[in-house]
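Have a look at query36.cif below; it lists mmCIF, N, CA and C atoms.
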```cif
data_structure
#
loop_
_atom_site.label_atom_id
_atom_site.label_comp_id
_atom_site.auth_asym_id
_atom_site.auth_seq_id
_atom_site.Cartn_x
_atom_site.Cartn_y
_atom_site.Cartn_z
N MET A 59 163.85 126.58 110.82
CA MET A 59 164.51 127.17 109.68
C MET A 59 165.74 126.35 109.31
N ARG A 60 165.94 126.20 108.06
CA ARG A 60 167.04 125.39 107.54
C ARG A 60 168.33 126.22 107.47
N ALA A 61 169.43 125.61 107.87
CA ALA A 61 170.72 126.32 107.89
C ALA A 61 171.36 126.41 106.51
N ILE A 62 170.94 125.57 105.57
CA ILE A 62 171.51 125.61 104.23
C ILE A 62 170.38 125.75 103.20
N SER A 63 170.75 126.22 102.04
CA SER A 63 169.76 126.43 100.99
C SER A 63 169.31 125.11 100.38
N GLU A 64 168.19 125.17 99.68
CA GLU A 64 167.71 123.98 98.96
C GLU A 64 168.74 123.52 97.95
N GLU A 65 169.38 124.47 97.27
CA GLU A 65 170.40 124.13 96.27
C GLU A 65 171.55 123.38 96.91
N HIS A 66 172.03 123.88 98.04
CA HIS A 66 173.15 123.23 98.72
C HIS A 66 172.73 121.86 99.26
N ALA A 67 171.52 121.77 99.75
CA ALA A 67 171.02 120.48 100.24
C ALA A 67 170.99 119.47 99.11
N SER A 68 170.53 119.87 97.93
CA SER A 68 170.47 118.93 96.81
C SER A 68 171.87 118.54 96.34
N ILE A 69 172.82 119.45 96.46
CA ILE A 69 174.20 119.14 96.09
C ILE A 69 174.77 118.07 97.02
N ILE A 70 174.51 118.23 98.31
CA ILE A 70 175.00 117.24 99.29
C ILE A 70 174.32 115.90 99.05
N LYS A 71 173.02 115.90 98.82
CA LYS A 71 172.29 114.66 98.57
C LYS A 71 172.82 113.97 97.30
N ALA A 72 173.07 114.75 96.25
CA ALA A 72 173.57 114.17 94.99
C ALA A 72 174.97 113.61 95.18
N ALA A 73 175.82 114.31 95.92
CA ALA A 73 177.18 113.81 96.17
C ALA A 73 177.12 112.53 97.00
N THR A 74 176.20 112.47 97.93
CA THR A 74 176.03 111.27 98.75
C THR A 74 175.63 110.09 97.88
N ALA A 75 174.65 110.32 97.00
CA ALA A 75 174.20 109.25 96.10
C ALA A 75 175.32 108.81 95.16
N ALA A 76 176.09 109.76 94.65
CA ALA A 76 177.20 109.43 93.75
C ALA A 76 178.27 108.60 94.47
N ALA A 77 178.54 108.95 95.71
CA ALA A 77 179.54 108.21 96.49
C ALA A 77 179.07 106.77 96.74
N TYR A 78 177.80 106.61 97.07
CA TYR A 78 177.26 105.26 97.25
C TYR A 78 177.43 104.44 95.97
N GLU A 79 177.07 105.05 94.86
CA GLU A 79 177.16 104.37 93.57
C GLU A 79 178.61 103.98 93.27
N ALA A 80 179.54 104.87 93.58
CA ALA A 80 180.96 104.59 93.33
C ALA A 80 181.45 103.40 94.14
N LEU A 81 180.83 103.16 95.28
CA LEU A 81 181.23 102.03 96.12
C LEU A 81 180.42 100.77 95.82
N GLY A 82 179.58 100.82 94.80
CA GLY A 82 178.83 99.63 94.42
C GLY A 82 177.38 99.63 94.86
N GLY A 83 176.89 100.76 95.31
CA GLY A 83 175.49 100.87 95.72
C GLY A 83 175.33 100.99 97.22
N VAL A 84 174.10 101.25 97.62
CA VAL A 84 173.81 101.47 99.04
C VAL A 84 174.12 100.24 99.88
N SER A 85 173.74 99.07 99.41
CA SER A 85 173.94 97.84 100.20
C SER A 85 175.42 97.58 100.45
N ARG A 86 176.22 97.70 99.42
CA ARG A 86 177.67 97.47 99.59
C ARG A 86 178.31 98.53 100.48
N THR A 87 177.85 99.77 100.33
CA THR A 87 178.37 100.84 101.17
C THR A 87 178.01 100.59 102.63
N ALA A 88 176.77 100.21 102.87
CA ALA A 88 176.32 99.91 104.23
C ALA A 88 177.13 98.78 104.84
N GLU A 89 177.35 97.74 104.05
CA GLU A 89 178.14 96.60 104.53
C GLU A 89 179.58 97.03 104.86
N ALA A 90 180.17 97.84 103.99
CA ALA A 90 181.54 98.30 104.22
C ALA A 90 181.67 99.17 105.47
N LEU A 91 180.63 99.95 105.74
CA LEU A 91 180.67 100.87 106.88
C LEU A 91 180.10 100.29 108.16
N GLY A 92 179.41 99.15 108.04
CA GLY A 92 178.81 98.54 109.22
C GLY A 92 177.59 99.28 109.73
N VAL A 93 176.83 99.87 108.81
CA VAL A 93 175.58 100.56 109.17
C VAL A 93 174.45 99.98 108.32
N ALA A 94 173.23 100.25 108.73
CA ALA A 94 172.07 99.75 108.00
C ALA A 94 171.89 100.51 106.69
N SER A 95 171.51 99.79 105.65
CA SER A 95 171.28 100.45 104.36
C SER A 95 170.14 101.46 104.46
N SER A 96 169.17 101.21 105.33
CA SER A 96 168.07 102.17 105.50
C SER A 96 168.59 103.50 106.05
N THR A 97 169.60 103.43 106.88
CA THR A 97 170.21 104.65 107.42
C THR A 97 170.86 105.44 106.29
N LEU A 98 171.61 104.75 105.44
CA LEU A 98 172.28 105.43 104.34
C LEU A 98 171.29 105.96 103.31
N THR A 99 170.23 105.21 103.05
CA THR A 99 169.25 105.60 102.04
C THR A 99 168.65 106.96 102.35
N LYS A 100 168.34 107.21 103.60
CA LYS A 100 167.72 108.50 103.94
C LYS A 100 168.68 109.67 103.71
N TYR A 101 169.98 109.43 103.83
CA TYR A 101 170.93 110.51 103.63
C TYR A 101 170.99 110.97 102.17
N ALA A 102 170.69 110.10 101.24
CA ALA A 102 170.70 110.47 99.83
C ALA A 102 169.31 110.84 99.31
N SER A 103 168.29 110.57 100.10
CA SER A 103 166.92 110.82 99.67
C SER A 103 166.57 112.30 99.67
N THR A 104 165.92 112.73 98.59
CA THR A 104 165.45 114.11 98.51
C THR A 104 163.95 114.20 98.84
N GLY A 105 163.38 113.10 99.28
CA GLY A 105 161.97 113.08 99.65
C GLY A 105 161.70 113.96 100.85
N GLU A 106 160.46 114.41 100.96
CA GLU A 106 160.06 115.32 102.04
C GLU A 106 160.40 114.77 103.42
N GLU A 107 160.19 113.48 103.61
CA GLU A 107 160.43 112.86 104.91
C GLU A 107 161.90 112.97 105.35
N TRP A 108 162.81 112.91 104.39
CA TRP A 108 164.24 112.88 104.71
C TRP A 108 164.99 114.12 104.23
N ARG A 109 164.30 115.14 103.81
CA ARG A 109 164.96 116.31 103.22
C ARG A 109 165.95 116.99 104.15
N ASP A 110 165.77 116.86 105.46
CA ASP A 110 166.69 117.48 106.42
C ASP A 110 167.66 116.49 107.05
N SER A 111 167.75 115.29 106.50
CA SER A 111 168.68 114.27 107.00
C SER A 111 169.89 114.22 106.08
N PHE A 112 171.05 114.49 106.66
CA PHE A 112 172.29 114.48 105.88
C PHE A 112 173.28 113.50 106.49
N ILE A 113 174.19 113.05 105.67
CA ILE A 113 175.16 112.06 106.10
C ILE A 113 176.04 112.60 107.23
N ARG A 114 176.32 111.74 108.19
CA ARG A 114 177.20 112.12 109.30
C ARG A 114 178.62 112.32 108.77
N LEU A 115 179.34 113.19 109.42
CA LEU A 115 180.71 113.49 108.97
C LEU A 115 181.62 112.28 109.04
N ASP A 116 181.48 111.44 110.07
CA ASP A 116 182.34 110.27 110.18
C ASP A 116 182.10 109.31 109.02
N LEU A 117 180.84 109.15 108.63
CA LEU A 117 180.53 108.27 107.49
C LEU A 117 180.99 108.90 106.19
N ALA A 118 180.79 110.19 106.05
CA ALA A 118 181.23 110.90 104.83
C ALA A 118 182.74 110.76 104.64
N ALA A 119 183.48 110.95 105.71
CA ALA A 119 184.94 110.84 105.63
C ALA A 119 185.36 109.42 105.23
N GLU A 120 184.72 108.43 105.82
CA GLU A 120 185.08 107.04 105.51
C GLU A 120 184.70 106.68 104.08
N ILE A 121 183.55 107.14 103.63
CA ILE A 121 183.15 106.87 102.25
C ILE A 121 184.13 107.50 101.27
N ASP A 122 184.48 108.76 101.50
CA ASP A 122 185.42 109.44 100.61
C ASP A 122 186.79 108.76 100.62
N ARG A 123 187.21 108.22 101.75
CA ARG A 123 188.48 107.49 101.80
C ARG A 123 188.44 106.25 100.91
N ARG A 124 187.28 105.63 100.84
CA ARG A 124 187.15 104.38 100.09
C ARG A 124 186.87 104.60 98.60
N CYS A 125 186.42 105.79 98.23
CA CYS A 125 186.09 106.08 96.82
C CYS A 125 187.33 106.50 96.04
N ASP A 126 187.22 106.39 94.72
CA ASP A 126 188.29 106.89 93.85
C ASP A 126 188.28 108.40 93.80
N HIS A 127 187.19 109.01 94.21
CA HIS A 127 187.03 110.46 94.19
C HIS A 127 186.33 110.90 95.47
N PRO A 128 186.77 111.99 96.08
CA PRO A 128 186.12 112.46 97.31
C PRO A 128 184.84 113.25 97.01
N PHE A 129 183.77 112.56 96.67
CA PHE A 129 182.51 113.21 96.29
C PHE A 129 182.02 114.18 97.35
N LEU A 130 181.96 113.73 98.58
CA LEU A 130 181.38 114.54 99.65
C LEU A 130 182.29 115.71 100.03
N LEU A 131 183.57 115.46 100.14
CA LEU A 131 184.50 116.54 100.44
C LEU A 131 184.47 117.61 99.35
N THR A 132 184.42 117.18 98.11
CA THR A 132 184.38 118.13 96.99
C THR A 132 183.10 118.96 97.05
N ALA A 133 181.97 118.32 97.28
CA ALA A 133 180.70 119.05 97.34
C ALA A 133 180.71 120.05 98.49
N LEU A 134 181.13 119.61 99.66
CA LEU A 134 181.15 120.51 100.82
C LEU A 134 182.14 121.65 100.63
N SER A 135 183.28 121.36 100.05
CA SER A 135 184.27 122.40 99.79
C SER A 135 183.73 123.46 98.85
N ARG A 136 183.03 123.03 97.82
CA ARG A 136 182.44 123.99 96.87
C ARG A 136 181.38 124.84 97.56
N ILE A 137 180.60 124.23 98.43
CA ILE A 137 179.56 124.98 99.15
C ILE A 137 180.20 126.00 100.09
N VAL A 138 181.16 125.54 100.89
CA VAL A 138 181.82 126.41 101.87
C VAL A 138 182.54 127.57 101.19
N ASN A 139 183.16 127.30 100.06
CA ASN A 139 183.91 128.34 99.33
C ASN A 139 183.05 129.15 98.37
N ASP A 140 181.75 128.92 98.41
CA ASP A 140 180.80 129.61 97.52
C ASP A 140 181.18 129.49 96.06
N GLU A 141 181.71 128.33 95.70
CA GLU A 141 182.03 128.08 94.29
C GLU A 141 180.75 127.72 93.57
N ARG A 142 180.65 128.11 92.35
CA ARG A 142 179.46 127.79 91.55
C ARG A 142 179.45 126.29 91.32
N VAL A 143 178.36 125.67 91.70
CA VAL A 143 178.20 124.24 91.49
C VAL A 143 177.05 124.07 90.51
N SER A 144 177.33 123.44 89.39
CA SER A 144 176.27 123.28 88.40
C SER A 144 175.25 122.29 88.92
N SER A 145 174.02 122.71 88.90
CA SER A 145 172.91 121.87 89.31
C SER A 145 172.32 121.25 88.07
N PHE A 146 171.87 120.03 88.16
CA PHE A 146 171.25 119.38 87.01
C PHE A 146 169.97 120.09 86.65
N GLY A 147 169.26 120.59 87.67
CA GLY A 147 168.03 121.32 87.43
C GLY A 147 166.90 120.38 87.03
N ALA A 148 165.89 120.94 86.43
CA ALA A 148 164.74 120.16 86.00
C ALA A 148 165.12 119.31 84.79
N VAL A 149 164.38 118.23 84.61
CA VAL A 149 164.61 117.39 83.44
C VAL A 149 163.98 118.10 82.24
N THR A 150 164.83 118.70 81.45
CA THR A 150 164.41 119.40 80.25
C THR A 150 165.25 118.88 79.10
N ALA A 151 164.87 119.24 77.90
CA ALA A 151 165.68 118.83 76.74
C ALA A 151 167.09 119.37 76.87
N SER A 152 167.21 120.60 77.35
CA SER A 152 168.53 121.21 77.52
C SER A 152 169.38 120.44 78.54
N ALA A 153 168.76 120.05 79.65
CA ALA A 153 169.49 119.30 80.68
C ALA A 153 169.92 117.94 80.17
N VAL A 154 169.07 117.29 79.40
CA VAL A 154 169.41 115.98 78.84
C VAL A 154 170.55 116.12 77.84
N LEU A 155 170.53 117.17 77.04
CA LEU A 155 171.63 117.39 76.10
C LEU A 155 172.93 117.69 76.83
N ARG A 156 172.85 118.41 77.94
CA ARG A 156 174.05 118.68 78.74
C ARG A 156 174.61 117.37 79.29
N LEU A 157 173.73 116.50 79.78
CA LEU A 157 174.16 115.19 80.28
C LEU A 157 174.78 114.38 79.14
N ASP A 158 174.17 114.44 77.98
CA ASP A 158 174.72 113.75 76.81
C ASP A 158 176.15 114.23 76.53
N GLY A 159 176.36 115.53 76.66
CA GLY A 159 177.71 116.09 76.46
C GLY A 159 178.70 115.56 77.48
N VAL A 160 178.26 115.45 78.74
CA VAL A 160 179.14 114.94 79.80
C VAL A 160 179.51 113.48 79.51
N LEU A 161 178.53 112.69 79.10
CA LEU A 161 178.79 111.28 78.78
C LEU A 161 179.67 111.16 77.54
N ASP A 162 179.44 112.02 76.55
CA ASP A 162 180.30 112.03 75.36
C ASP A 162 181.74 112.37 75.72
N ASP A 163 181.92 113.23 76.71
CA ASP A 163 183.28 113.57 77.17
C ASP A 163 184.01 112.31 77.63
N VAL A 164 183.30 111.44 78.34
CA VAL A 164 183.91 110.18 78.80
C VAL A 164 184.35 109.36 77.59
N VAL A 165 183.44 109.20 76.64
CA VAL A 165 183.73 108.38 75.46
C VAL A 165 184.89 108.97 74.66
N ARG A 166 184.87 110.27 74.42
CA ARG A 166 185.95 110.91 73.64
C ARG A 166 187.30 110.77 74.34
N THR A 167 187.30 110.94 75.66
CA THR A 167 188.55 110.84 76.42
C THR A 167 189.12 109.42 76.35
N VAL A 168 188.26 108.43 76.46
CA VAL A 168 188.70 107.03 76.35
C VAL A 168 189.19 106.75 74.93
N ALA A 169 188.46 107.21 73.94
CA ALA A 169 188.85 106.97 72.54
C ALA A 169 190.22 107.57 72.24
N ARG A 170 190.46 108.80 72.71
CA ARG A 170 191.78 109.43 72.50
C ARG A 170 192.87 108.63 73.20
N ALA A 171 192.55 108.15 74.40
CA ALA A 171 193.56 107.43 75.20
C ALA A 171 193.96 106.11 74.55
N ILE A 172 193.05 105.43 73.90
CA ILE A 172 193.37 104.10 73.35
C ILE A 172 193.87 104.15 71.90
N GLU A 173 193.96 105.34 71.34
CA GLU A 173 194.42 105.46 69.95
C GLU A 173 195.79 104.82 69.73
N ASP A 174 196.68 104.94 70.71
CA ASP A 174 198.03 104.40 70.55
C ASP A 174 198.16 102.97 71.10
N GLY A 175 197.04 102.39 71.53
CA GLY A 175 197.06 101.01 71.99
C GLY A 175 197.37 100.83 73.46
N ARG A 176 197.60 101.91 74.17
CA ARG A 176 197.84 101.81 75.61
C ARG A 176 197.35 103.06 76.31
N ILE A 177 197.06 102.92 77.59
CA ILE A 177 196.56 104.05 78.38
C ILE A 177 197.58 104.36 79.46
N ASP A 178 198.17 105.56 79.40
CA ASP A 178 199.18 105.92 80.41
C ASP A 178 198.50 106.53 81.65
N ALA A 179 199.30 106.85 82.66
CA ALA A 179 198.76 107.34 83.93
C ALA A 179 197.98 108.64 83.78
N ALA A 180 198.49 109.57 82.98
CA ALA A 180 197.79 110.84 82.78
C ALA A 180 196.45 110.63 82.08
N GLU A 181 196.44 109.72 81.12
CA GLU A 181 195.18 109.41 80.43
C GLU A 181 194.19 108.74 81.37
N ARG A 182 194.69 107.85 82.22
CA ARG A 182 193.81 107.20 83.20
C ARG A 182 193.19 108.25 84.12
N GLN A 183 193.98 109.20 84.56
CA GLN A 183 193.47 110.25 85.44
C GLN A 183 192.43 111.11 84.72
N ALA A 184 192.68 111.43 83.47
CA ALA A 184 191.71 112.22 82.68
C ALA A 184 190.40 111.45 82.52
N ILE A 185 190.50 110.17 82.25
CA ILE A 185 189.30 109.34 82.10
C ILE A 185 188.52 109.30 83.42
N ARG A 186 189.24 109.06 84.51
CA ARG A 186 188.58 109.00 85.81
C ARG A 186 187.90 110.31 86.16
N SER A 187 188.53 111.42 85.82
CA SER A 187 187.95 112.73 86.06
C SER A 187 186.63 112.90 85.30
N ARG A 188 186.62 112.46 84.05
CA ARG A 188 185.39 112.55 83.24
C ARG A 188 184.31 111.62 83.79
N ILE A 189 184.72 110.45 84.25
CA ILE A 189 183.75 109.50 84.83
C ILE A 189 183.13 110.08 86.10
N VAL A 190 183.93 110.71 86.93
CA VAL A 190 183.43 111.33 88.16
C VAL A 190 182.38 112.38 87.83
N ALA A 191 182.66 113.24 86.86
CA ALA A 191 181.69 114.27 86.47
C ALA A 191 180.40 113.63 85.98
N ALA A 192 180.52 112.58 85.19
CA ALA A 192 179.34 111.89 84.67
C ALA A 192 178.55 111.24 85.81
N LYS A 193 179.24 110.62 86.76
CA LYS A 193 178.56 109.98 87.89
C LYS A 193 177.78 111.01 88.71
N GLN A 194 178.35 112.19 88.89
CA GLN A 194 177.65 113.21 89.66
C GLN A 194 176.37 113.63 88.97
N ASP A 195 176.43 113.87 87.67
CA ASP A 195 175.23 114.25 86.94
C ASP A 195 174.22 113.11 86.90
N LEU A 196 174.69 111.90 86.71
CA LEU A 196 173.78 110.75 86.70
C LEU A 196 173.14 110.53 88.07
N ALA A 197 173.89 110.77 89.14
CA ALA A 197 173.33 110.62 90.49
C ALA A 197 172.23 111.65 90.73
N ARG A 198 172.42 112.87 90.25
CA ARG A 198 171.37 113.89 90.38
C ARG A 198 170.13 113.47 89.61
N LEU A 199 170.34 112.97 88.39
CA LEU A 199 169.20 112.53 87.58
C LEU A 199 168.50 111.35 88.25
N GLU A 200 169.28 110.40 88.77
CA GLU A 200 168.67 109.25 89.43
C GLU A 200 167.85 109.68 90.65
N ALA A 201 168.38 110.61 91.43
CA ALA A 201 167.64 111.09 92.60
C ALA A 201 166.33 111.73 92.17
N MET A 202 166.35 112.46 91.09
CA MET A 202 165.12 113.06 90.57
C MET A 202 164.12 111.99 90.14
N MET A 203 164.62 110.95 89.51
CA MET A 203 163.74 109.88 89.05
C MET A 203 163.16 109.09 90.22
N MET A 204 163.95 108.90 91.27
CA MET A 204 163.48 108.18 92.46
C MET A 204 162.37 108.95 93.16
N GLU A 205 162.45 110.26 93.12
CA GLU A 205 161.49 111.10 93.82
C GLU A 205 160.33 111.51 92.92
N GLY A 206 160.38 111.14 91.65
CA GLY A 206 159.30 111.51 90.74
C GLY A 206 159.30 112.98 90.40
N ALA A 207 160.49 113.61 90.44
CA ALA A 207 160.60 115.05 90.21
C ALA A 207 160.45 115.44 88.75
N ALA A 208 160.52 114.47 87.87
CA ALA A 208 160.46 114.84 86.46
C ALA A 208 159.07 115.17 86.12
#
```

Target format structure tokens, applied to this file:
Amino acid sequence: MRAISEEHASIIKAATAAAYEALGGVSRTAEALGVASSTLTKYASTGEEWRDSFIRLDLAAEIDRRCDHPFLLTALSRIVNDERVSSFGAVTASAVLRLDGVLDDVVRTVARAIEDGRIDAAERQAIRSRIVAAKQDLARLEAMMMEGAA
């Protein structure tokens, strides 16, 4: 019996994939951590063979330290605190439009920030926040595409 729900498992897998992407991909993450890329790949995989394999806490902590955003800590915190975590769900027209909205948020935030010809610290933080949200949704979509879930 599994200790966590399928929803929570997919959230952890998506956060893992997003963190890898933020560090430049699985190969660069593996190199930075001194572990095999095959080891890391299974932690982000939603395939049946690896569905119960999750990233070790020591690796998760190190990855989050190296990222601009603590993907794994945020995901685990939301799960532990029973916070509602939006799932990408199935690839539907509605889900694609929601993703489009998230990506548009990035573009609008950047456009507003550059209107005056410079980007200040608060604007940079707002942009990074929008990028993080977009990366999380894109990582979920990518995981679905890798597994043929669409």

Atomic separation - CA of Ala184 (chain A) relative to CA of Ala171 (chain A), Å: 9.1 Å

Nearest to Ile185 (chain A) among A:Ala133, A:Leu199, A:Val168, A:Leu98, with distances taken over only N, CA and C atoms: which residue is it?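 Among A:Ala133, A:Leu199, A:Val168, A:Leu98, it is A:Val168 that comes nearest to Ile185 (chain A).
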
State, in Å with one decimal place, the distance from atom N of Leu161 (chain A) to CA of Pro128 (chain A).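 That distance, rounded to one decimal, is 19.7 Å.
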
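Relative to atom C of Ala72 (chain A), CA of Asp110 (chain A) is found at 14.5 Å.
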
Mind the document's chain letters and residue numbers, and return as an MDAnalysis selection string the residues of chain A that DSSP labels helix (DSSP H, G or I). chainID A and resid 64:80 84:91 95:102 106:108 115:124 129:138 151:172 179:205

Can you tell me, as JSON, the centre and edge lengths (Å, one decimal) of the axis-aligned box enclosing all of region 127-141 of chain A's listed atoms after padding each side by 4 Å?
```
{"center_x": 183.4, "center_y": 119.3, "center_z": 97.7, "size_x": 15.6, "size_y": 28.6, "size_z": 16.3}
```
